[in-house]
file coords.cif (mmCIF, C-alpha atoms)
data_model
loop_
_atom_site.label_atom_id
_atom_site.label_comp_id
_atom_site.auth_asym_id
_atom_site.auth_seq_id
_atom_site.Cartn_x
_atom_site.Cartn_y
_atom_site.Cartn_z
CA MET T 1008 0.00 0.00 0.00
CA ARG T 1009 2.68 2.43 1.13
CA SER T 1010 4.88 1.82 -1.93
CA PHE T 1011 1.89 2.17 -4.26
CA LEU T 1012 1.03 5.52 -2.66
CA GLU T 1013 4.66 6.64 -2.89
CA TRP T 1014 4.62 5.80 -6.59
CA LEU T 1015 1.26 7.56 -6.99
CA GLY T 1016 2.58 10.70 -5.32
CA GLN T 1017 5.55 10.74 -7.72
CA THR T 1018 3.41 10.67 -10.85
CA PRO T 1019 3.67 13.94 -12.80
CA TRP T 1020 -0.03 14.76 -12.49
CA SER T 1021 0.03 14.34 -8.72
CA ILE T 1022 3.00 16.69 -8.37
CA ALA T 1023 1.46 19.18 -10.80
CA LEU T 1024 -1.83 19.16 -8.88
CA LEU T 1025 -0.16 19.67 -5.49
CA GLU T 1026 2.02 22.49 -6.74
CA SER T 1027 -0.57 24.23 -8.91
CA PHE T 1028 -1.40 27.81 -7.95
CA TRP T 1029 -5.08 27.72 -8.94
CA VAL T 1030 -6.19 24.13 -9.53
CA TRP T 1031 -5.60 22.71 -6.05
CA PRO T 1032 -7.46 25.58 -4.29
CA LEU T 1033 -10.27 25.30 -6.83
CA VAL T 1034 -10.60 21.55 -6.26
CA GLU T 1035 -10.49 22.10 -2.48
CA SER T 1036 -13.09 24.89 -2.70
CA THR T 1037 -15.38 22.72 -4.81
CA HIS T 1038 -14.99 19.96 -2.20
CA VAL T 1039 -16.02 22.38 0.57
CA LEU T 1040 -18.86 24.10 -1.28
CA ALA T 1041 -20.37 20.78 -2.37
CA LEU T 1042 -20.83 20.12 1.35
CA GLY T 1043 -23.70 22.58 1.34
CA LEU T 1044 -25.40 20.46 -1.31
CA PHE T 1045 -24.43 17.02 -0.07
CA ALA T 1046 -24.40 17.27 3.74
CA GLY T 1047 -27.03 20.02 3.65
CA THR T 1048 -29.64 18.01 1.77
CA ALA T 1049 -28.67 14.81 3.64
CA TRP T 1050 -29.28 16.58 6.96
CA MET T 1051 -32.68 17.88 5.79
CA MET T 1052 -33.64 14.27 5.00
CA ASP T 1053 -32.29 13.21 8.42
CA LEU T 1054 -34.46 15.85 10.11
CA ARG T 1055 -37.47 14.36 8.32
CA LEU T 1056 -36.50 10.81 9.38
CA LEU T 1057 -36.13 12.05 12.96
CA GLY T 1058 -39.57 13.66 12.77
CA LEU T 1059 -38.01 17.01 13.66
CA SER T 1060 -39.06 18.91 10.53
CA PHE T 1061 -40.98 18.73 7.24
CA ARG T 1062 -43.39 16.41 9.04
CA ALA T 1063 -46.17 16.97 6.51
CA VAL T 1064 -43.96 15.73 3.65
CA PRO T 1065 -44.13 11.95 3.04
CA VAL T 1066 -40.72 10.31 3.55
CA SER T 1067 -40.96 8.68 0.10
CA GLU T 1068 -41.40 12.10 -1.52
CA PHE T 1069 -38.37 13.35 0.36
CA ARG T 1070 -36.36 10.36 -0.75
CA ASN T 1071 -37.46 10.44 -4.40
CA ARG T 1072 -37.17 14.20 -4.87
CA MET T 1073 -34.16 15.09 -2.69
CA LEU T 1074 -31.94 12.02 -2.86
CA PRO T 1075 -30.81 12.75 -6.46
CA TRP T 1076 -29.44 16.09 -5.20
CA THR T 1077 -27.75 14.45 -2.25
CA ARG T 1078 -26.23 11.88 -4.60
CA GLY T 1079 -25.11 14.58 -7.02
CA GLY T 1080 -23.44 16.41 -4.15
CA PHE T 1081 -21.79 13.17 -3.05
CA ALA T 1082 -20.46 12.54 -6.56
CA VAL T 1083 -18.78 15.97 -6.53
CA MET T 1084 -17.39 15.31 -3.03
CA ALA T 1085 -16.02 11.92 -4.13
CA VAL T 1086 -14.38 13.15 -7.35
CA THR T 1087 -12.78 16.20 -5.72
CA GLY T 1088 -11.90 14.16 -2.62
CA PHE T 1089 -10.03 11.55 -4.64
CA LEU T 1090 -8.23 14.33 -6.54
CA LEU T 1091 -7.10 15.85 -3.23
CA LEU T 1092 -5.96 12.43 -2.03
CA TYR T 1093 -4.14 11.91 -5.32
CA SER T 1094 -2.30 15.23 -4.88
CA ASN T 1095 -0.52 14.05 -1.72
CA PRO T 1096 -1.28 10.37 -1.08
CA VAL T 1097 1.46 9.48 1.40
CA ARG T 1098 0.75 12.47 3.64
CA TYR T 1099 -2.99 11.78 3.81
CA TYR T 1100 -2.42 8.05 4.29
CA HIS T 1101 -0.49 8.76 7.49
CA ASN T 1102 -2.76 11.59 8.67
CA ILE T 1103 -4.68 10.47 11.75
CA PHE T 1104 -7.72 12.63 10.93
CA PHE T 1105 -7.87 11.16 7.43
CA ARG T 1106 -7.80 7.65 8.90
CA VAL T 1107 -10.61 8.43 11.34
CA LYS T 1108 -12.58 10.04 8.50
CA VAL T 1109 -12.27 6.88 6.36
CA ILE T 1110 -13.58 4.74 9.24
CA LEU T 1111 -16.48 7.17 9.72
CA LEU T 1112 -17.23 7.02 5.98
CA VAL T 1113 -17.55 3.25 6.28
CA VAL T 1114 -19.94 3.66 9.22
CA ALA T 1115 -21.97 6.20 7.21
CA ALA T 1116 -22.05 3.85 4.20
CA VAL T 1117 -23.26 0.92 6.32
CA ASN T 1118 -26.00 3.14 7.75
CA VAL T 1119 -27.09 4.22 4.26
CA TRP T 1120 -27.06 0.62 3.03
CA TRP T 1121 -28.97 -0.69 6.05
CA PHE T 1122 -31.58 2.04 5.76
CA HIS T 1123 -32.25 1.56 2.05
CA ALA T 1124 -31.91 -2.25 1.98
CA ARG T 1125 -33.92 -2.94 5.15
CA THR T 1126 -35.70 -0.11 6.90
CA TYR T 1127 -36.96 1.72 3.83
CA ARG T 1128 -38.56 -1.39 2.33
CA ARG T 1129 -41.52 -0.97 4.65
CA VAL T 1130 -41.86 2.75 4.01
CA ALA T 1131 -45.54 2.35 3.09
CA GLU T 1132 -46.28 1.59 6.75
CA TRP T 1133 -44.83 4.87 8.06
CA ASP T 1134 -44.52 7.12 5.00
CA ARG T 1135 -46.80 9.79 6.41
CA ASP T 1136 -45.97 9.40 10.10
CA PRO T 1137 -44.99 12.81 11.45
CA ARG T 1138 -42.63 10.92 13.74
CA PRO T 1139 -41.42 7.72 12.03
CA PRO T 1140 -40.70 4.44 13.94
CA GLN T 1141 -37.60 4.09 16.06
CA ALA T 1142 -35.48 2.24 13.46
CA VAL T 1143 -36.03 5.13 11.03
CA ARG T 1144 -35.20 7.76 13.63
CA VAL T 1145 -32.03 5.89 14.58
CA ALA T 1146 -30.94 5.87 10.92
CA GLY T 1147 -31.55 9.64 10.74
CA ALA T 1148 -29.67 10.31 13.98
CA VAL T 1149 -26.68 8.15 12.97
CA SER T 1150 -26.55 9.86 9.56
CA LEU T 1151 -26.73 13.35 11.07
CA LEU T 1152 -24.02 12.65 13.63
CA VAL T 1153 -21.63 10.60 11.49
CA TRP T 1154 -21.69 13.05 8.57
CA ALA T 1155 -21.02 15.90 11.02
CA LEU T 1156 -17.99 14.00 12.33
CA VAL T 1157 -16.86 13.31 8.75
CA VAL T 1158 -16.98 17.07 8.07
CA VAL T 1159 -15.03 17.89 11.24
CA THR T 1160 -12.34 15.22 10.76
CA GLY T 1161 -12.13 16.20 7.09
CA ARG T 1162 -11.44 19.81 8.03
CA PHE T 1163 -8.77 18.72 10.53
CA ILE T 1164 -6.82 16.79 7.87
CA ALA T 1165 -5.38 20.20 7.00
CA TYR T 1166 -3.46 20.24 10.31
CA ASN T 1167 -0.18 18.36 10.65
CA TRP T 1168 -0.12 18.23 14.49
CA PHE T 1169 0.04 14.42 14.54
CA ASP T 1170 1.93 13.82 11.30
CA CYS T 1171 4.83 11.37 11.30
CA ASP T 1172 7.44 14.09 10.72
CA ILE T 1173 6.32 15.91 13.87
CA GLN T 1174 7.98 14.00 16.73
CA PRO T 1175 7.91 13.05 19.53
CA GLN T 1176 4.31 11.83 19.61
CA PRO T 1177 2.57 9.47 22.03
CA ASP T 1178 2.99 5.83 20.95
CA PHE T 1179 -0.73 5.60 20.35
CA VAL T 1180 -0.62 8.44 17.81
CA ASN T 1181 2.28 6.91 15.93
CA TRP T 1182 0.54 3.53 15.92
CA ALA T 1183 -2.76 5.01 14.72
CA SER T 1184 -1.00 7.05 12.03
CA GLY T 1185 1.04 4.03 10.89
CA CYS T 1186 4.28 5.97 11.30
CA VAL T 1187 7.50 4.07 10.62
CA LEU T 1188 10.09 5.71 12.88
CA GLN T 1189 13.80 5.56 12.18
CA ALA T 1190 15.77 3.95 15.02
CA GLU T 1191 17.88 6.51 16.89
CA MET Y 1124 -9.35 54.67 6.69
CA LEU Y 1125 -10.75 51.47 8.18
CA LEU Y 1126 -7.35 50.03 9.04
CA PRO Y 1127 -7.23 51.44 12.62
CA LEU Y 1128 -10.61 49.83 13.23
CA PHE Y 1129 -9.33 46.48 11.96
CA GLU Y 1130 -6.22 46.85 14.13
CA TRP Y 1131 -8.54 47.36 17.07
CA PHE Y 1132 -10.55 44.25 16.06
CA GLU Y 1133 -7.37 42.21 15.95
CA ALA Y 1134 -6.33 43.47 19.41
CA THR Y 1135 -9.64 42.55 21.08
CA ALA Y 1136 -9.41 40.00 23.89
CA LEU Y 1137 -11.41 37.45 21.86
CA GLY Y 1138 -9.30 37.93 18.74
CA THR Y 1139 -6.08 37.62 20.72
CA ALA Y 1140 -7.27 34.53 22.59
CA VAL Y 1141 -8.25 32.71 19.37
CA ARG Y 1142 -4.99 33.71 17.66
CA GLN Y 1143 -2.81 32.52 20.53
CA SER Y 1144 -4.53 29.17 20.94
CA LEU Y 1145 -3.41 26.17 18.90
CA TRP Y 1146 -6.86 24.58 18.91
CA ALA Y 1147 -9.35 27.45 19.00
CA PHE Y 1148 -9.18 28.53 15.35
CA PRO Y 1149 -9.40 24.99 13.88
CA VAL Y 1150 -12.27 24.01 16.22
CA ILE Y 1151 -14.25 27.20 15.55
CA GLU Y 1152 -13.52 26.82 11.83
CA ALA Y 1153 -14.90 23.25 11.90
CA VAL Y 1154 -18.12 24.43 13.59
CA HIS Y 1155 -18.31 27.23 10.99
CA LEU Y 1156 -18.22 24.47 8.35
CA LEU Y 1157 -21.02 22.55 10.10
CA GLY Y 1158 -23.01 25.79 10.07
CA LEU Y 1159 -22.38 25.97 6.32
CA CYS Y 1160 -23.93 22.52 5.88
CA LEU Y 1161 -27.01 23.50 7.88
CA LEU Y 1162 -27.34 26.85 6.12
CA GLY Y 1163 -26.69 25.24 2.71
CA GLY Y 1164 -29.30 22.55 3.28
CA SER Y 1165 -32.01 24.87 4.61
CA VAL Y 1166 -31.45 27.39 1.80
CA LEU Y 1167 -31.21 24.82 -1.00
CA ILE Y 1168 -34.28 22.82 -0.02
CA VAL Y 1169 -36.34 25.99 -0.50
CA ASP Y 1170 -34.46 27.11 -3.63
CA LEU Y 1171 -34.83 23.70 -5.30
CA ARG Y 1172 -38.54 23.83 -4.51
CA LEU Y 1173 -38.75 27.34 -5.99
CA LEU Y 1174 -37.03 26.02 -9.12
CA GLY Y 1175 -39.63 23.25 -9.32
CA VAL Y 1176 -37.05 20.47 -9.02
CA GLY Y 1177 -37.30 19.65 -5.31
CA LEU Y 1178 -40.27 18.67 -3.13
CA ARG Y 1179 -42.79 19.61 -5.82
CA ARG Y 1180 -45.85 18.06 -4.19
CA SER Y 1181 -45.57 20.30 -1.14
CA ALA Y 1182 -46.50 23.98 -1.18
CA ILE Y 1183 -43.58 26.40 -1.42
CA ALA Y 1184 -44.82 28.22 1.68
CA GLU Y 1185 -44.89 24.94 3.62
CA ILE Y 1186 -41.28 24.04 2.77
CA ALA Y 1187 -40.10 27.60 3.43
CA ALA Y 1188 -41.82 27.66 6.84
CA ARG Y 1189 -40.37 24.28 7.90
CA ALA Y 1190 -36.88 25.18 6.71
CA ARG Y 1191 -36.88 28.54 8.46
CA PRO Y 1192 -35.90 27.49 12.03
CA TRP Y 1193 -32.93 25.54 10.61
CA LEU Y 1194 -32.01 28.49 8.40
CA MET Y 1195 -32.02 30.74 11.48
CA GLY Y 1196 -29.96 28.19 13.37
CA GLY Y 1197 -27.47 27.89 10.51
CA ILE Y 1198 -27.06 31.67 10.24
CA ALA Y 1199 -26.67 31.96 14.03
CA ILE Y 1200 -23.88 29.33 14.00
CA MET Y 1201 -22.16 31.07 11.08
CA LEU Y 1202 -22.23 34.47 12.78
CA LEU Y 1203 -21.23 33.20 16.23
CA THR Y 1204 -18.24 31.33 14.81
CA GLY Y 1205 -17.46 33.79 12.00
CA VAL Y 1206 -16.93 36.74 14.35
CA PRO Y 1207 -14.14 35.15 16.45
CA LEU Y 1208 -12.48 33.77 13.30
CA PHE Y 1209 -12.51 37.27 11.82
CA LEU Y 1210 -11.26 38.97 15.01
CA SER Y 1211 -8.31 36.57 15.21
CA GLU Y 1212 -7.02 37.69 11.79
CA ALA Y 1213 -8.72 41.04 11.17
CA ILE Y 1214 -5.67 42.74 9.63
CA LYS Y 1215 -5.14 39.85 7.20
CA CYS Y 1216 -8.83 40.18 6.26
CA TYR Y 1217 -8.42 43.94 5.71
CA TYR Y 1218 -5.89 43.25 2.93
CA ASN Y 1219 -7.85 40.27 1.58
CA THR Y 1220 -10.02 40.85 -1.52
CA SER Y 1221 -12.06 37.69 -0.91
CA PHE Y 1222 -13.01 38.97 2.54
CA TRP Y 1223 -14.42 42.18 1.07
CA VAL Y 1224 -16.26 40.27 -1.68
CA LYS Y 1225 -17.80 38.04 0.97
CA MET Y 1226 -18.74 40.87 3.32
CA SER Y 1227 -20.24 43.04 0.60
CA THR Y 1228 -22.32 40.14 -0.75
CA LEU Y 1229 -23.46 38.89 2.67
CA PRO Y 1230 -25.87 41.80 3.42
CA PHE Y 1231 -27.51 41.26 0.03
CA ALA Y 1232 -27.80 37.51 0.65
CA LEU Y 1233 -29.33 38.10 4.09
CA GLY Y 1234 -31.58 40.93 2.93
CA PHE Y 1235 -32.74 38.92 -0.06
CA THR Y 1236 -33.36 35.77 1.99
CA PHE Y 1237 -35.37 37.44 4.75
CA GLY Y 1238 -36.82 40.33 2.78
CA VAL Y 1239 -37.66 39.46 -0.81
CA LYS Y 1240 -37.52 35.65 -0.82
CA GLY Y 1241 -38.95 35.22 2.68
CA ARG Y 1242 -41.93 37.44 1.95
CA ILE Y 1243 -42.78 36.05 -1.48
CA ALA Y 1244 -42.23 32.40 -0.50
CA ALA Y 1245 -44.60 32.81 2.47
CA ASP Y 1246 -47.45 33.36 0.00
CA ARG Y 1247 -49.58 30.20 0.16
CA THR Y 1248 -50.77 30.67 -3.43
CA LEU Y 1249 -47.26 30.78 -4.93
CA GLU Y 1250 -46.68 28.00 -7.45
CA THR Y 1251 -43.59 27.10 -9.46
CA SER Y 1252 -43.39 29.95 -11.98
CA ALA Y 1253 -40.97 32.28 -13.67
CA ARG Y 1254 -41.09 34.45 -10.55
CA SER Y 1255 -40.31 31.58 -8.17
CA ARG Y 1256 -37.49 30.38 -10.42
CA VAL Y 1257 -35.87 33.82 -10.43
CA LEU Y 1258 -36.01 33.80 -6.62
CA GLY Y 1259 -34.36 30.38 -6.47
CA VAL Y 1260 -31.59 31.27 -8.90
CA LEU Y 1261 -30.81 34.61 -7.19
CA SER Y 1262 -30.67 32.92 -3.80
CA ILE Y 1263 -28.27 30.23 -5.03
CA VAL Y 1264 -26.04 32.80 -6.78
CA LEU Y 1265 -25.88 35.08 -3.72
CA TRP Y 1266 -25.12 32.34 -1.19
CA PHE Y 1267 -22.70 30.62 -3.55
CA THR Y 1268 -20.75 33.87 -3.84
CA VAL Y 1269 -20.66 34.29 -0.05
CA ALA Y 1270 -19.48 30.71 0.49
CA ALA Y 1271 -16.92 30.67 -2.35
CA ALA Y 1272 -15.41 34.02 -1.35
CA GLY Y 1273 -15.37 32.82 2.26
CA ARG Y 1274 -13.41 29.70 1.38
CA TRP Y 1275 -11.03 31.77 -0.74
CA ILE Y 1276 -10.10 34.02 2.24
CA GLY Y 1277 -7.90 31.16 3.38
CA PHE Y 1278 -6.13 30.80 0.05
CA SER Y 1279 -5.18 34.40 -0.65
#

call {"tool": "encode", "arguments": {"input": "coords.cif", "output": "structure tokens"}}
result
Amino acid sequence: MRSFLEWLGQTPWSIALLESFWVWPLVESTHVLALGLFAGTAWMMDLRLLGLSFRAVPVSEFRNRMLPWTRGGFAVMAVTGFLLLYSNPVRYYHNIFFRVKVILLVVAAVNVWWFHARTYRRVAEWDRDPRPPQAVRVAGAVSLLVWALVVVTGRFIAYNWFDCDIQPQPDFVNWASGCVLQAE
Amino acid sequence: MLLPLFEWFEATALGTAVRQSLWAFPVIEAVHLLGLCLLGGSVLIVDLRLLGVGLRRSAIAEIAARARPWLMGGIAIMLLTGVPLFLSEAIKCYYNTSFWVKMSTLPFALGFTFGVKGRIAADRTLETSARSRVLGVLSIVLWFTVAAAGRWIGFS
């Protein structure tokens, strides 16, 4: 993995992207602004699932009419996110906030999958409930919280406090960041 | 002319405290970003409805009314976190074009959202129309400018 990422970071396009004056900030800005679309619309759906807002709107209408926008926002986040990762793969790979973010993304994905594959199948039974059943509210709460944590950890990737080249660090940090330390 | 004022902003106790702390700026910045998500979602759900591409089966006024508390909350978070971020680097902001673009667009975005759009979208008889579409587009353009210029403050 590490050698692949080292190779990836040495490819001309990766170096050009990292060093570019305009492109990297534009990709980063697109990544941040797409949050308003992706996380914003996802949270509105979560508020509906929690029964906290838009209670007169059937959940199925919310899903059918808003999910395409959430998905579109996610597509922009994913493309720009992979470009950012591609610009400096080794650094992000060893960044503790990046690692936590990836784990949180897996949790968010499982929640999305569980909701759509299981919970949502019986939507007809609670479509118009102002306050949907507990399983639905749990899915909304998990989504709201986990995406918020993804945003926060994502923002913190910018800081190098726990990076491998900043030593000494607690053993736990070096372990979690996968740092390979040179023997003194 | 405004520089002495910005120097005073930077010297405020809050500005100094945020600047001198290792964690304060990043943490406040992260909450500012969460506020952006809430603001973005509560603005867009209404704008998409105005454009006729969102929750079309619900009345515009209904969606606008339900989104409003979250819009207020989002704006409150943005202002409460934006002020200390600004105070901590007021002089940098003074020389920053993006900051001035953001701050000159923000009053229009707020005025438009609560004045024009808020008033028209509260009309129960409003349907998707040329008028509603213009409202939706203007809202997206204004808030996009505020957000993009805001992000660019950090790059210039």

call {"tool": "interface_residues", "arguments": {"input": "coords.cif", "of": "chain Y", "to": "chain T", "cutoff": "10 Å", "atoms": "only C-alpha atoms", "output": "number ranges by chain"}}
result
Y: 1145, 1149-1150, 1152-1168, 1171-1172, 1176-1182, 1185-1190, 1192-1193, 1267, 1270-1275, 1277-1279

call {"tool": "atom_distance", "arguments": {"input": "coords.cif", "atom1": "CA of Arg1125 (chain T)", "atom2": "CA of Phe1081 (chain T)"}}
result
21.8 Å

call {"tool": "atom_distance", "arguments": {"input": "coords.cif", "atom1": "CA of Leu1174 (chain Y)", "atom2": "CA of Tyr1127 (chain T)"}}
result
27.5 Å

call {"tool": "resolve_selection", "arguments": {"input": "coords.cif", "expression": "the PyMOL selection byres ((chain T and resi 1146) around 10)", "output": "PyMOL selection string"}}
result
chain T and resi 1053+1056-1057+1115+1118-1119+1121-1123+1126+1141-1145+1147-1151

call {"tool": "write_last_selection", "arguments": {"input": "coords.cif", "atoms": "C-alpha atoms", "output": "PDB file, in the frame of the given file"}}
result
ATOM      1  CA  ASP T1053     -32.290  13.210   8.420  1.00  0.00           C
ATOM      2  CA  LEU T1056     -36.500  10.810   9.380  1.00  0.00           C
ATOM      3  CA  LEU T1057     -36.130  12.050  12.960  1.00  0.00           C
ATOM      4  CA  ALA T1115     -21.970   6.200   7.210  1.00  0.00           C
ATOM      5  CA  ASN T1118     -26.000   3.140   7.750  1.00  0.00           C
ATOM      6  CA  VAL T1119     -27.090   4.220   4.260  1.00  0.00           C
ATOM      7  CA  TRP T1121     -28.970  -0.690   6.050  1.00  0.00           C
ATOM      8  CA  PHE T1122     -31.580   2.040   5.760  1.00  0.00           C
ATOM      9  CA  HIS T1123     -32.250   1.560   2.050  1.00  0.00           C
ATOM     10  CA  THR T1126     -35.700  -0.110   6.900  1.00  0.00           C
ATOM     11  CA  GLN T1141     -37.600   4.090  16.060  1.00  0.00           C
ATOM     12  CA  ALA T1142     -35.480   2.240  13.460  1.00  0.00           C
ATOM     13  CA  VAL T1143     -36.030   5.130  11.030  1.00  0.00           C
ATOM     14  CA  ARG T1144     -35.200   7.760  13.630  1.00  0.00           C
ATOM     15  CA  VAL T1145     -32.030   5.890  14.580  1.00  0.00           C
ATOM     16  CA  GLY T1147     -31.550   9.640  10.740  1.00  0.00           C
ATOM     17  CA  ALA T1148     -29.670  10.310  13.980  1.00  0.00           C
ATOM     18  CA  VAL T1149     -26.680   8.150  12.970  1.00  0.00           C
ATOM     19  CA  SER T1150     -26.550   9.860   9.560  1.00  0.00           C
ATOM     20  CA  LEU T1151     -26.730  13.350  11.070  1.00  0.00           C
TER      21      LEU T1151
END

call {"tool": "resolve_selection", "arguments": {"input": "coords.cif", "expression": "the PyMOL selection byres ((chain Y and resi 1206) around 12)", "output": "list in words"}}
result
Phe1132, Glu1133, Thr1135, Leu1137, Gly1138, Val1141, Phe1148, Ile1151, Glu1152, His1155, Ala1199, Ile1200, Met1201, Leu1202, Leu1203, Thr1204, Gly1205, Pro1207, Leu1208, Phe1209, Leu1210, Ser1211, Glu1212, Ala1213, Cys1216 and Met1226 of chain Y

call {"tool": "residues_around", "arguments": {"input": "coords.cif", "residues": "Gly1185 (chain T)", "least_positions_apart": "3", "cutoff": "9 Å", "atoms": "all atoms listed in the file", "output": "short mmCIF file (atom, residue, chain, number, x, y, z; two decimals) with C-alpha atoms, in the coordinates of the input"}}
result
data_model
loop_
_atom_site.label_atom_id
_atom_site.label_comp_id
_atom_site.auth_asym_id
_atom_site.auth_seq_id
_atom_site.Cartn_x
_atom_site.Cartn_y
_atom_site.Cartn_z
CA TYR T 1100 -2.42 8.05 4.29
CA HIS T 1101 -0.49 8.76 7.49
CA ASN T 1102 -2.76 11.59 8.67
CA ILE T 1103 -4.68 10.47 11.75
CA CYS T 1171 4.83 11.37 11.30
CA VAL T 1180 -0.62 8.44 17.81
CA ASN T 1181 2.28 6.91 15.93
CA TRP T 1182 0.54 3.53 15.92
#

call {"tool": "atom_distance", "arguments": {"input": "coords.cif", "atom1": "CA of Glu1130 (chain Y)", "atom2": "CA of Ser1221 (chain Y)"}}
result
18.6 Å

call {"tool": "axis_aligned_box", "arguments": {"input": "coords.cif", "around": "region 1111-1121 of chain T", "padding_each_side": "3 Å", "output": "lines of an AutoDock Vina configuration file"}}
result
center_x = -22.7
center_y = 3.2
center_z = 6.4
size_x = 18.5
size_y = 13.9
size_z = 12.7

call {"tool": "residues_around", "arguments": {"input": "coords.cif", "residues": "Ala1245 (chain Y)", "least_positions_apart": "3", "cutoff": "9 Å", "atoms": "all atoms listed in the file", "output": "number ranges by chain"}}
result
Y: 1183-1185, 1187-1188, 1240-1242, 1248-1249
